[in-house]
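Notes to accompany the following structure.
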Amino acid sequence: MAELIDGKQLAKKVNAQTEQAVTELKTQGIEPKLVVIIVGDDEASRIYVRNKNRKAQQLGINSETKQLPKDTSQTELLKLIDQYNQDETVHGIMVQSPLPSQIDEAAVTRAISPAKDADGFNPENVGKLYANSDLNFPVSCTPKGIMTMLAAYDVQIAGANAVIVGRSNIVGRPMAALLLNASATVTVVHSHTQNMQAYTREADILIVATGIAHLIKGEDIKPGATVIDVGMNRDENGKLTGDVDFESASKVAGKITPVPGGVGPMTIATLMQQTVELAKWSE
Ligand SMILES: Nc1nc(=O)c2c([nH]1)NC[C@@H]1CN(c3ccc(C(=O)N[C@@H](CCC(=O)O)C(=O)O)cc3)C=[N+]21
């Protein structure tokens with residue numbers, strides 16, 4: 001049986017470090033502040049945002065949620081973002097997905113100041129990630145949190161075959177860049193890939209981020225591989241399940257993340273960590 005990569009437990013450790021960093025910043029007169037903007041009333045979004053606020057409060061991070069009506073225009077949203085860009089008490093800004101159809105997500109990511117980009121989605125920061133910059137800059141929290149998980153569980157990255165299933169801007173692409181920067185041999189497979197299993201079966205590190213429940217089964221995994229499941233799918237009963245069939249996969253993998261209790265808690269912990277980093281870098 002595979003070793004469990006316990007995201008919930010690791011998130012606690014990361015959060016404890018963040019809390020410590022917040023205490024230190026406050027002695028220098030800096031109070032880290034995160035602003036979360038929600039447009040509309042998506043049920044899942046509200047739950048995530050409530051969890052984020054609770055976590056921020058626990059760690060001493062000042063968090064403000066700005067709830068906007070679902071018919072908010074793009075112009076109004078961009079104007080609000082600009083106000084937060086100018087506000088010196090704000091260190092991190094994020095706009096929760098999904099957004100209503102009248103709003104262009106790419107325009108929103110461009111509008112958030114790169115120095116306050118809590119999600120790391122601004123193209124300037126994405127460019128630094130791809131260029132393997134050694135400057136300080138924020139990175140998408142889910143893949144950044146996964147790198148923390150791999151390090152904490154002593155997963156060898158340099159020279160490993162890393163296969164990423166999914167090519168989203170939020171997970172697949174930045175994950176590929178981070179692993180390449182850490183000297184893995186990186187392959188990205190996606191919906192147009194022919195014979196996906198031929199790739200996944202060669203992966204020493206397999207990251208699955210597709211939104212397709214149970215896409216990856218034990219037979220698709222190289223024995224002993226590290227399997228990271230980014231999926232967050234709700235089944236008919238509202239139960240959370242990943243993109244990996246944990247039952248069969250955990251018999252083949254060497255290390256594996258559960259859902260829930262894997263990548264999810266690390267995403268939030270990384271968002272908190274990154275907010276504090278943004279505050280630190282703003283000095
Ligand atoms: N701009 C933006 N940035 C985001 O980072 C972002 C977003 N929009 N929109 C929505 C998604 C989703 N997301 C999650 C984070 C943590 C859990 C999480 O902690 N999940 C727990 C359990 C949750 C449960 O049981 O419902 C777990 O996996 O153990 C889930 C989902 C961040 N997102």
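Chain lettering (A, B, ...) mirrors the order of the structure tokens, residue numbering begins at 1 for each chain separately, and ligand numbering begins at 1 in order of display.
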Give me, as a short mmCIF file (atom, residue, chain, number, x, y, z; two decimals) with C-alpha atoms, in the first residue's frame, all polymer residues having an atom no more than 7 Å from range 25-33 of chain A, counting only C-alpha atoms and skipping those fewer than 3 positions away in the same chain.
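Saved file result16.cif follows:
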```
data_model
loop_
_atom_site.label_atom_id
_atom_site.label_comp_id
_atom_site.auth_asym_id
_atom_site.auth_seq_id
_atom_site.Cartn_x
_atom_site.Cartn_y
_atom_site.Cartn_z
CA ALA A 21 6.12 35.09 9.99
CA VAL A 22 3.03 37.25 10.60
CA ILE A 61 -3.76 37.92 8.54
CA ASN A 62 -6.25 40.72 7.98
CA SER A 63 -8.70 39.43 5.36
CA THR A 89 -2.62 48.64 3.52
CA VAL A 90 -3.46 45.82 1.03
CA HIS A 91 -0.73 43.25 0.19
CA GLY A 92 -2.69 40.54 -1.62
CA THR A 275 0.08 36.70 1.14
CA VAL A 276 2.68 37.05 3.88
CA ALA A 279 3.71 41.74 2.46
#
```
>> Around ligand 1, which protein and nucleic acid residues have at least one atom no more than 9 Å from it, if we count only C-alpha atoms and all ligand atoms? List them as number ranges by chain.
In response: A: 7-8, 36-37, 44-45, 47-49, 51-52, 94-98, 118-119, 121, 140-142, 170, 230-232, 234, 239-242, 258-269, 271
Residues from last step as file, N, CA and C atoms, as a short mmCIF file (atom, residue, chain, number, x, y, z; two decimals), in the first residue's frame:
```
data_model
loop_
_atom_site.label_atom_id
_atom_site.label_comp_id
_atom_site.auth_asym_id
_atom_site.auth_seq_id
_atom_site.Cartn_x
_atom_site.Cartn_y
_atom_site.Cartn_z
N GLY A 7 -1.98 16.06 3.29
CA GLY A 7 -2.01 17.50 3.02
C GLY A 7 -2.54 18.30 4.20
N LYS A 8 -3.45 17.69 4.92
CA LYS A 8 -4.05 18.39 6.05
C LYS A 8 -3.01 18.63 7.14
N VAL A 36 -10.23 39.44 -0.87
CA VAL A 36 -10.82 38.45 -1.76
C VAL A 36 -12.09 39.06 -2.36
N ILE A 37 -12.15 39.10 -3.68
CA ILE A 37 -13.32 39.65 -4.36
C ILE A 37 -14.13 38.50 -4.95
N ALA A 44 -20.23 27.18 -4.05
CA ALA A 44 -18.91 26.63 -3.73
C ALA A 44 -17.93 27.75 -3.40
N SER A 45 -17.99 28.84 -4.20
CA SER A 45 -17.09 29.97 -3.97
C SER A 45 -17.25 30.52 -2.56
N ILE A 47 -18.23 29.00 0.09
CA ILE A 47 -17.66 28.09 1.10
C ILE A 47 -16.14 28.24 1.15
N TYR A 48 -15.49 28.27 -0.05
CA TYR A 48 -14.02 28.42 -0.08
C TYR A 48 -13.61 29.71 0.59
N VAL A 49 -14.35 30.77 0.27
CA VAL A 49 -13.98 32.08 0.78
C VAL A 49 -14.16 32.12 2.30
N ASN A 51 -13.81 29.56 4.29
CA ASN A 51 -12.66 28.80 4.83
C ASN A 51 -11.39 29.64 4.82
N LYS A 52 -11.18 30.37 3.72
CA LYS A 52 -9.98 31.21 3.61
C LYS A 52 -9.98 32.28 4.68
N MET A 94 -7.14 38.82 -4.56
CA MET A 94 -7.54 37.73 -5.46
C MET A 94 -9.01 37.86 -5.83
N VAL A 95 -9.31 37.50 -7.06
CA VAL A 95 -10.69 37.50 -7.54
C VAL A 95 -11.08 36.04 -7.73
N GLN A 96 -12.05 35.62 -6.96
CA GLN A 96 -12.45 34.22 -6.95
C GLN A 96 -13.07 33.80 -8.29
N SER A 97 -12.68 32.63 -8.78
CA SER A 97 -13.35 32.02 -9.94
C SER A 97 -14.49 31.15 -9.41
N PRO A 98 -15.53 30.87 -10.17
CA PRO A 98 -15.77 31.37 -11.52
C PRO A 98 -16.34 32.78 -11.51
N ALA A 118 -2.05 37.68 -5.37
CA ALA A 118 -2.05 36.56 -4.42
C ALA A 118 -2.16 35.20 -5.11
N ASP A 119 -2.86 35.15 -6.25
CA ASP A 119 -3.02 33.90 -7.01
C ASP A 119 -1.84 33.61 -7.94
N PHE A 121 -1.51 34.81 -10.97
CA PHE A 121 -2.05 34.60 -12.32
C PHE A 121 -1.70 35.73 -13.29
N SER A 140 1.03 30.47 -8.78
CA SER A 140 -0.27 29.81 -8.55
C SER A 140 -0.19 28.87 -7.33
N CYS A 141 -1.13 29.03 -6.42
CA CYS A 141 -0.99 28.40 -5.09
C CYS A 141 -1.11 26.87 -5.11
N THR A 142 -1.94 26.32 -5.97
CA THR A 142 -2.08 24.85 -5.98
C THR A 142 -0.77 24.17 -6.40
N ILE A 170 -4.27 27.47 -14.23
CA ILE A 170 -4.21 27.51 -12.77
C ILE A 170 -3.35 26.38 -12.20
N VAL A 230 -5.32 16.40 -7.92
CA VAL A 230 -5.78 17.78 -7.76
C VAL A 230 -7.31 17.87 -7.94
N GLY A 231 -7.93 16.77 -8.31
CA GLY A 231 -9.37 16.78 -8.62
C GLY A 231 -10.23 17.10 -7.42
N MET A 232 -11.31 17.84 -7.68
CA MET A 232 -12.31 18.18 -6.65
C MET A 232 -13.67 18.00 -7.29
N ARG A 234 -17.62 16.57 -7.20
CA ARG A 234 -18.71 16.17 -6.29
C ARG A 234 -19.49 15.05 -6.96
N LYS A 239 -20.57 14.08 -2.28
CA LYS A 239 -19.30 13.66 -1.68
C LYS A 239 -18.14 14.08 -2.61
N LEU A 240 -17.05 14.57 -2.00
CA LEU A 240 -15.90 15.04 -2.77
C LEU A 240 -15.05 13.85 -3.23
N THR A 241 -14.77 13.78 -4.55
CA THR A 241 -13.86 12.73 -5.04
C THR A 241 -12.85 13.34 -6.00
N GLY A 242 -11.71 12.70 -6.11
CA GLY A 242 -10.63 13.21 -6.94
C GLY A 242 -10.71 12.72 -8.38
N PRO A 258 -4.70 11.95 -0.74
CA PRO A 258 -6.14 11.68 -0.69
C PRO A 258 -6.94 12.90 -1.13
N VAL A 259 -8.20 12.70 -1.43
CA VAL A 259 -9.17 13.81 -1.63
C VAL A 259 -10.41 13.44 -0.83
N PRO A 260 -10.85 14.22 0.12
CA PRO A 260 -10.23 15.47 0.59
C PRO A 260 -8.99 15.19 1.46
N GLY A 261 -8.37 16.27 1.93
CA GLY A 261 -7.25 16.14 2.86
C GLY A 261 -5.89 16.08 2.19
N GLY A 262 -5.86 16.38 0.89
CA GLY A 262 -4.58 16.36 0.16
C GLY A 262 -4.19 17.74 -0.31
N VAL A 263 -4.39 17.95 -1.62
CA VAL A 263 -3.99 19.20 -2.25
C VAL A 263 -4.81 20.41 -1.75
N GLY A 264 -6.09 20.22 -1.47
CA GLY A 264 -6.98 21.32 -1.08
C GLY A 264 -6.47 22.14 0.10
N PRO A 265 -6.23 21.49 1.25
CA PRO A 265 -5.74 22.26 2.40
C PRO A 265 -4.39 22.94 2.14
N MET A 266 -3.56 22.31 1.28
CA MET A 266 -2.27 22.92 0.96
C MET A 266 -2.43 24.14 0.07
N THR A 267 -3.47 24.16 -0.76
CA THR A 267 -3.73 25.34 -1.60
C THR A 267 -4.02 26.55 -0.71
N ILE A 268 -4.86 26.34 0.29
CA ILE A 268 -5.22 27.45 1.19
C ILE A 268 -4.00 27.86 2.03
N ALA A 269 -3.27 26.88 2.53
CA ALA A 269 -2.07 27.20 3.33
C ALA A 269 -1.06 27.99 2.50
N LEU A 271 -1.78 29.92 -0.12
CA LEU A 271 -2.31 31.27 -0.33
C LEU A 271 -1.97 32.18 0.86
#
```
Using only C-alpha atoms, tabulate the residues of range 157-203 of chain A lying at most 9 Å from any atom of range 215-219 of chain A, each with its closest atom pair and that distance in Å to one decimal, by chain and increasing residue number, as a tab-separated table.
```
residue	atom	partner	partner_atom	distance
A:Gln197	CA	A:Glu219	CA	8.7
A:Thr200	CA	A:Ile216	CA	8.7
A:Arg201	CA	A:Glu219	CA	7.9
```
Please save N, CA and C atoms of the selected residues as a CSV table (one decimal), in the first residue's frame.
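Here's the written file selection07.csv:
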```csv
chain,number,residue,atom,x,y,z
A,197,GLN,N,-2.4,6.8,-21.5
A,197,GLN,CA,-1.8,5.9,-20.5
A,197,GLN,C,-0.4,5.5,-20.8
A,200,THR,N,1.3,8.2,-18.8
A,200,THR,CA,1.1,8.1,-17.3
A,200,THR,C,1.9,6.9,-16.7
A,201,ARG,N,1.9,5.8,-17.5
A,201,ARG,CA,2.6,4.6,-16.9
A,201,ARG,C,4.1,4.7,-16.8
```
> Using only C-alpha atoms, which residues sit within 9 Å of range 128-130 of chain A once same-chain residues fewer than 5 positions away are excluded, as a ChimeraX atom specification?
Replying inline: /A:123,135,137-139,174,177-178,181
> With only C-alpha atoms as the basis for distance, which of A:Ala213, A:Ile81, A:Leu278, A:Ala106 is at the shortest distance from Phe246 in chain A?
Replying inline: A:Ala213
> So which residues of range 152-265 of chain A fall under strand (DSSP E or B) by DSSP, listed as a PyMOL selection string?
Replying inline: chain A and resi 161-165+185-189+205-208+216+226-229+233-234+240-241+244+255-256
> Could you write out, as a PyMOL selection string, all the residues of range 71-283 of chain A that DSSP marks as helix (DSSP H, G or I)?
Replying inline: chain A and resi 74-86+105-111+114-116+123-130+141-152+172-181+196-200+218-220+246-249+263-281
Residue selection dump (C-alpha atoms) as a PDB file, in the first residue's frame:
```pdb
ATOM      1  CA  GLN A  74     -16.148  44.512 -16.007  1.00  0.00           C
ATOM      2  CA  THR A  75     -15.453  48.258 -15.801  1.00  0.00           C
ATOM      3  CA  GLU A  76     -16.741  48.382 -12.214  1.00  0.00           C
ATOM      4  CA  LEU A  77     -14.667  45.352 -11.212  1.00  0.00           C
ATOM      5  CA  LEU A  78     -11.485  46.740 -12.798  1.00  0.00           C
ATOM      6  CA  LYS A  79     -12.064  50.064 -11.045  1.00  0.00           C
ATOM      7  CA  LEU A  80     -12.373  48.321  -7.687  1.00  0.00           C
ATOM      8  CA  ILE A  81      -9.205  46.282  -8.341  1.00  0.00           C
ATOM      9  CA  ASP A  82      -7.383  49.504  -9.122  1.00  0.00           C
ATOM     10  CA  GLN A  83      -8.504  51.008  -5.794  1.00  0.00           C
ATOM     11  CA  TYR A  84      -6.996  48.016  -3.982  1.00  0.00           C
ATOM     12  CA  ASN A  85      -3.851  48.281  -6.139  1.00  0.00           C
ATOM     13  CA  GLN A  86      -3.418  51.840  -4.838  1.00  0.00           C
ATOM     14  CA  GLU A 105     -10.990  36.613 -16.671  1.00  0.00           C
ATOM     15  CA  ALA A 106      -7.794  37.431 -18.560  1.00  0.00           C
ATOM     16  CA  ALA A 107      -8.491  41.167 -18.231  1.00  0.00           C
ATOM     17  CA  VAL A 108      -8.934  40.678 -14.482  1.00  0.00           C
ATOM     18  CA  THR A 109      -5.623  38.841 -14.104  1.00  0.00           C
ATOM     19  CA  ARG A 110      -3.883  41.663 -16.012  1.00  0.00           C
ATOM     20  CA  ALA A 111      -5.504  44.319 -13.810  1.00  0.00           C
ATOM     21  CA  PRO A 114       1.850  41.913 -10.083  1.00  0.00           C
ATOM     22  CA  ALA A 115       3.147  42.932  -6.641  1.00  0.00           C
ATOM     23  CA  LYS A 116      -0.255  42.132  -5.043  1.00  0.00           C
ATOM     24  CA  PRO A 123       1.045  37.371 -16.988  1.00  0.00           C
ATOM     25  CA  GLU A 124       4.091  39.229 -15.646  1.00  0.00           C
ATOM     26  CA  ASN A 125       4.369  36.675 -12.831  1.00  0.00           C
ATOM     27  CA  VAL A 126       3.591  33.792 -15.188  1.00  0.00           C
ATOM     28  CA  GLY A 127       6.436  35.069 -17.395  1.00  0.00           C
ATOM     29  CA  LYS A 128       8.852  35.092 -14.477  1.00  0.00           C
ATOM     30  CA  LEU A 129       7.836  31.522 -13.645  1.00  0.00           C
ATOM     31  CA  TYR A 130       8.475  30.380 -17.232  1.00  0.00           C
ATOM     32  CA  CYS A 141      -0.994  28.396  -5.092  1.00  0.00           C
ATOM     33  CA  THR A 142      -2.076  24.855  -5.976  1.00  0.00           C
ATOM     34  CA  PRO A 143       1.099  23.885  -7.881  1.00  0.00           C
ATOM     35  CA  LYS A 144       3.271  25.807  -5.418  1.00  0.00           C
ATOM     36  CA  GLY A 145       1.649  23.851  -2.571  1.00  0.00           C
ATOM     37  CA  ILE A 146       2.274  20.604  -4.457  1.00  0.00           C
ATOM     38  CA  MET A 147       5.995  21.464  -4.641  1.00  0.00           C
ATOM     39  CA  THR A 148       5.923  21.890  -0.846  1.00  0.00           C
ATOM     40  CA  MET A 149       4.275  18.458  -0.533  1.00  0.00           C
ATOM     41  CA  LEU A 150       6.869  16.788  -2.766  1.00  0.00           C
ATOM     42  CA  ALA A 151       9.708  18.345  -0.746  1.00  0.00           C
ATOM     43  CA  ALA A 152       8.163  17.399   2.617  1.00  0.00           C
ATOM     44  CA  GLY A 172      -1.247  22.150 -15.308  1.00  0.00           C
ATOM     45  CA  ARG A 173       0.859  24.855 -16.950  1.00  0.00           C
ATOM     46  CA  PRO A 174       2.410  26.378 -13.808  1.00  0.00           C
ATOM     47  CA  MET A 175       2.958  22.855 -12.426  1.00  0.00           C
ATOM     48  CA  ALA A 176       4.902  21.954 -15.573  1.00  0.00           C
ATOM     49  CA  ALA A 177       7.035  25.096 -15.216  1.00  0.00           C
ATOM     50  CA  LEU A 178       7.797  24.479 -11.527  1.00  0.00           C
ATOM     51  CA  LEU A 179       8.791  20.863 -12.139  1.00  0.00           C
ATOM     52  CA  LEU A 180      10.907  21.801 -15.159  1.00  0.00           C
ATOM     53  CA  ASN A 181      12.609  24.517 -13.081  1.00  0.00           C
ATOM     54  CA  MET A 196      -2.532   9.020 -22.522  1.00  0.00           C
ATOM     55  CA  GLN A 197      -1.823   5.853 -20.516  1.00  0.00           C
ATOM     56  CA  ALA A 198       1.403   5.270 -22.430  1.00  0.00           C
ATOM     57  CA  TYR A 199       2.687   8.458 -20.749  1.00  0.00           C
ATOM     58  CA  THR A 200       1.131   8.116 -17.302  1.00  0.00           C
ATOM     59  CA  GLY A 218      -4.148   1.690 -10.697  1.00  0.00           C
ATOM     60  CA  GLU A 219      -3.389   0.184 -14.131  1.00  0.00           C
ATOM     61  CA  ASP A 220      -2.403   3.664 -15.437  1.00  0.00           C
ATOM     62  CA  PHE A 246      -7.823   6.029  -4.861  1.00  0.00           C
ATOM     63  CA  GLU A 247      -8.851   2.426  -4.189  1.00  0.00           C
ATOM     64  CA  SER A 248      -6.937   0.901  -7.120  1.00  0.00           C
ATOM     65  CA  ALA A 249      -4.239   3.616  -7.357  1.00  0.00           C
ATOM     66  CA  VAL A 263      -3.985  19.205  -2.254  1.00  0.00           C
ATOM     67  CA  GLY A 264      -6.982  21.320  -1.078  1.00  0.00           C
ATOM     68  CA  PRO A 265      -5.742  22.258   2.401  1.00  0.00           C
ATOM     69  CA  MET A 266      -2.266  22.919   0.959  1.00  0.00           C
ATOM     70  CA  THR A 267      -3.727  25.341  -1.599  1.00  0.00           C
ATOM     71  CA  ILE A 268      -5.215  27.447   1.190  1.00  0.00           C
ATOM     72  CA  ALA A 269      -2.071  27.202   3.329  1.00  0.00           C
ATOM     73  CA  THR A 270      -0.002  28.326   0.331  1.00  0.00           C
ATOM     74  CA  LEU A 271      -2.314  31.270  -0.332  1.00  0.00           C
ATOM     75  CA  MET A 272      -1.762  32.411   3.267  1.00  0.00           C
ATOM     76  CA  GLN A 273       1.993  31.854   2.992  1.00  0.00           C
ATOM     77  CA  GLN A 274       2.104  33.788  -0.275  1.00  0.00           C
ATOM     78  CA  THR A 275       0.079  36.702   1.139  1.00  0.00           C
ATOM     79  CA  VAL A 276       2.681  37.046   3.883  1.00  0.00           C
ATOM     80  CA  GLU A 277       5.479  36.817   1.314  1.00  0.00           C
ATOM     81  CA  LEU A 278       3.850  39.620  -0.711  1.00  0.00           C
ATOM     82  CA  ALA A 279       3.709  41.739   2.460  1.00  0.00           C
ATOM     83  CA  LYS A 280       7.369  40.984   3.151  1.00  0.00           C
ATOM     84  CA  TRP A 281       8.445  41.760  -0.434  1.00  0.00           C
TER      85      TRP A 281
END
```
Who sits within 12 Å of Ser73 in chain A, only C-alpha atoms, same chain under 6 positions skipped, as a CSV table (one decimal) with N, CA and C atoms, in the first residue's frame:
```
chain,number,residue,atom,x,y,z
A,39,VAL,N,-17.6,37.8,-7.3
A,39,VAL,CA,-18.7,38.4,-8.1
A,39,VAL,C,-19.8,37.3,-8.2
A,40,GLY,N,-21.0,37.6,-7.8
A,40,GLY,CA,-22.1,36.7,-7.9
A,40,GLY,C,-22.1,35.8,-6.6
A,79,LYS,N,-12.2,48.8,-11.8
A,79,LYS,CA,-12.1,50.1,-11.0
A,79,LYS,C,-11.8,49.7,-9.6
A,80,LEU,N,-12.6,48.8,-9.1
A,80,LEU,CA,-12.4,48.3,-7.7
A,80,LEU,C,-11.0,47.7,-7.5
A,99,LEU,N,-16.2,33.5,-12.6
A,99,LEU,CA,-16.7,34.8,-12.8
A,99,LEU,C,-17.9,34.8,-13.8
A,100,PRO,N,-18.9,35.7,-13.6
A,100,PRO,CA,-20.0,35.7,-14.6
A,100,PRO,C,-19.5,36.0,-16.0
A,101,SER,N,-20.3,35.6,-17.0
A,101,SER,CA,-19.9,35.7,-18.4
A,101,SER,C,-19.6,37.0,-18.9
A,102,GLN,N,-20.1,38.1,-18.3
A,102,GLN,CA,-19.8,39.5,-18.9
A,102,GLN,C,-18.4,39.9,-18.5
A,103,ILE,N,-17.7,39.1,-17.7
A,103,ILE,CA,-16.4,39.5,-17.2
A,103,ILE,C,-15.3,38.6,-17.8
A,104,ASP,N,-14.3,39.3,-18.4
A,104,ASP,CA,-13.2,38.6,-19.1
A,104,ASP,C,-12.1,38.3,-18.0
A,108,VAL,N,-9.0,40.6,-15.9
A,108,VAL,CA,-8.9,40.7,-14.5
A,108,VAL,C,-7.5,40.3,-14.0
```
>> Please determine, counting only C-alpha atoms, which residue among A:Ile112, A:Leu206, A:Ala56, A:Ala160 has the shortest atom-to-atom distance to Val227 in chain A.
In response: A:Leu206
Quick one: residues within 8 Å of Ala2 in chain A, only C-alpha atoms, excluding same-chain residues fewer than 5 positions away - as an mmCIF file with N, CA and C atoms, in the first residue's frame?
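Below is the file that was written, part-v2.cif:
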```
data_model
loop_
_atom_site.group_PDB
_atom_site.id
_atom_site.type_symbol
_atom_site.label_atom_id
_atom_site.label_comp_id
_atom_site.auth_asym_id
_atom_site.auth_seq_id
_atom_site.Cartn_x
_atom_site.Cartn_y
_atom_site.Cartn_z
ATOM 1 N N GLY A 224 5.160 2.227 -7.625
ATOM 2 C CA GLY A 224 6.057 3.040 -6.798
ATOM 3 C C GLY A 224 5.994 4.533 -7.074
ATOM 4 N N SER A 250 -3.922 3.375 -4.945
ATOM 5 C CA SER A 250 -3.105 3.280 -3.729
ATOM 6 C C SER A 250 -2.455 1.901 -3.586
ATOM 7 N N LYS A 251 -2.897 0.935 -4.396
ATOM 8 C CA LYS A 251 -2.262 -0.395 -4.379
ATOM 9 C C LYS A 251 -1.015 -0.428 -5.257
ATOM 10 N N VAL A 252 -0.877 0.560 -6.143
ATOM 11 C CA VAL A 252 0.233 0.564 -7.106
ATOM 12 C C VAL A 252 1.248 1.671 -6.788
ATOM 13 N N ALA A 253 0.731 2.834 -6.392
ATOM 14 C CA ALA A 253 1.595 4.004 -6.157
ATOM 15 C C ALA A 253 2.515 3.773 -4.958
ATOM 16 N N GLY A 254 3.612 4.544 -4.924
ATOM 17 C CA GLY A 254 4.492 4.539 -3.751
ATOM 18 C C GLY A 254 3.995 5.537 -2.714
ATOM 19 N N LYS A 255 3.565 6.708 -3.200
ATOM 20 C CA LYS A 255 3.022 7.770 -2.350
ATOM 21 C C LYS A 255 1.823 8.365 -3.067
ATOM 22 N N ILE A 256 0.820 8.761 -2.303
ATOM 23 C CA ILE A 256 -0.409 9.266 -2.943
ATOM 24 C C ILE A 256 -1.123 10.256 -2.030
#
```
